[in-house]
Amino acid sequence: MKETKAWSINGFLGLFLFIIGAGLGAFLLTQELIVPGVILIVLGFVFISVITAVQPNEASVITFFGSYLGTIRKSGLWLIVPFSSRRKISLRIRNFNSVKLKVNDVEGNPIEIAAVVVFKVVDTYKALFDVDSYEKFVEIQSETALRHVASKYPYDRYEGEGYSLRGNADEVASELSIELQHRLAVAGVEVIESRLTHLAYSTEIASSMLQRQQASAILAARQTIVEGAVGMVQMAIAKLEAEGLQLDEEKKAAMINNLLVAIVSDRSASPVINTGTLY
């Protein structure tokens with residue numbers, strides 16, 4: 001069953017009927033017409049008791065002795081079915097911030113992860129009657145979905161292609177939103193957005209993983225430096241040969257060695273004046 005629109009009319013009509021009934025009943029009591037006077041006063045209070053006020057971005061769910069009559073979404077003052085009950089439910093956009101969860105990624109490394117979920121109620125019947133507490137349901141399912149998505153990817157991918165939690169945060173958040181929407185549809189909840197708010201290695205492996213990241217960064221930097229150095233050496237030799245200076249293979253090797261050492265070294269080069277010859 002889904003949400004339906006409840007029967008309702010303008011609530012100010014109920015106020016008018018209350019004033020007429022109570023006033024006329026009081027007048028009849030003064031004329032010693034006890035029975036009709038009491039009936040009119042009771043009817044007047046019945047009319048005012050079934051008036052409900054609905055605030056903007058709020059809904060009133062109407063039930064009649066256990067039967068669902070419908071939902072009023074339009075804000076204002078409304079007159080509903082007598083002797084029915086109503087439950088208010090917020091339609092505003094809300095955030096749920098998960099706690100920091102400790103999860104093992106796809107490689108078995110323990111990580112800490114947390115997310116924020118932006119949601120709103122779109123079906124009041126499902127939110128109130130298909131689950132015990134839709135807010136608690138959102139909380140539990142959000143953490144469950146976050147654990148599931150986090151366990152499908154590595155924290156970081158050092159080689160090869162593919163998604164990782166750190167390198168593809170937007171894609172991971174999109175997948176989390178899709179899975180959450182599938183899980184929360186039964187509660188009448190629409191997931192607007194989800195984002196990772198915390199991602200880190202657990203404390204017991206954080207130091208070793210930091211060393212691994214530093215080593216990978218140094219290796220990548222060295223590779224870039226070597227590629228640049230080789231290009232500079234090739235440009236230098238080509239420039240010299242274009243100027244008419246011919247170098248034999250031994251001199252080229254010595255020049256290449258000196259240039260590479262000077263460029264690739266992480267320390268300043270110390271010049272050496274050669275007063276002899278290579279031969």
# chains A, B, ... in the order shown; residues from 1 in each chain; ligands from 1
$ select_by_dssp --residues "range 62-95 of chain A" --states "strand (DSSP E)" --output "number ranges by chain"
A: 62-64, 67-72, 76-79, 85-90, 94-95
$ closest_atom_pairs --of "range 75-129 of chain A" --to "range 150-167 of chain A" --cutoff "12 Å" --atoms "only C-alpha atoms" --output "CSV"
residue,atom,partner,partner_atom,distance
A:Leu101,CA,A:Ala150,CA,10.0
A:Lys102,CA,A:Ala150,CA,9.9
A:Val103,CA,A:Ser151,CA,6.9
A:Asn104,CA,A:Ser151,CA,5.9
A:Asp105,CA,A:Ser151,CA,4.3
A:Val106,CA,A:Ser151,CA,5.1
A:Glu107,CA,A:Pro154,CA,5.9
A:Gly108,CA,A:Pro154,CA,8.4
A:Asn109,CA,A:Tyr155,CA,7.9
A:Pro110,CA,A:Tyr155,CA,9.2
A:Ile111,CA,A:Tyr155,CA,7.6
A:Glu112,CA,A:Ala150,CA,9.7
A:Ile113,CA,A:Ala150,CA,7.9
A:Ala114,CA,A:Ala150,CA,9.9
A:Ala115,CA,A:Ala150,CA,10.9
$ atom_distance --atom1 "CA of Asn257 in chain A" --atom2 "CA of Val233 in chain A"
9.4 Å
$ atom_distance --atom1 "CA of Gln181 in chain A" --atom2 "CA of Arg92 in chain A"
17.3 Å
$ closest_residue --among "A:Ile237, A:Gln31, A:Ile9, A:Val116" --to "Ser177 in chain A" --atoms "only C-alpha atoms"
A:Val116
$ closest_residue --among "A:Met1, A:Gly70, A:Glu58, A:Val138" --to "His182 in chain A" --atoms "only C-alpha atoms"
A:Val138
$ residues_around --residues "Ser85 in chain A" --least-positions-apart "3" --cutoff "12 Å" --atoms "only C-alpha atoms" --output "ChimeraX atom specification"
/A:49-52,60-71,80-82,88
$ atom_distance --atom1 "CA of Lys126 in chain A" --atom2 "CA of Arg195 in chain A"
25.4 Å
$ closest_residue --among "A:Val117, A:Tyr201, A:Gly11, A:Lys2" --to "Ser174 in chain A" --atoms "only C-alpha atoms"
A:Val117
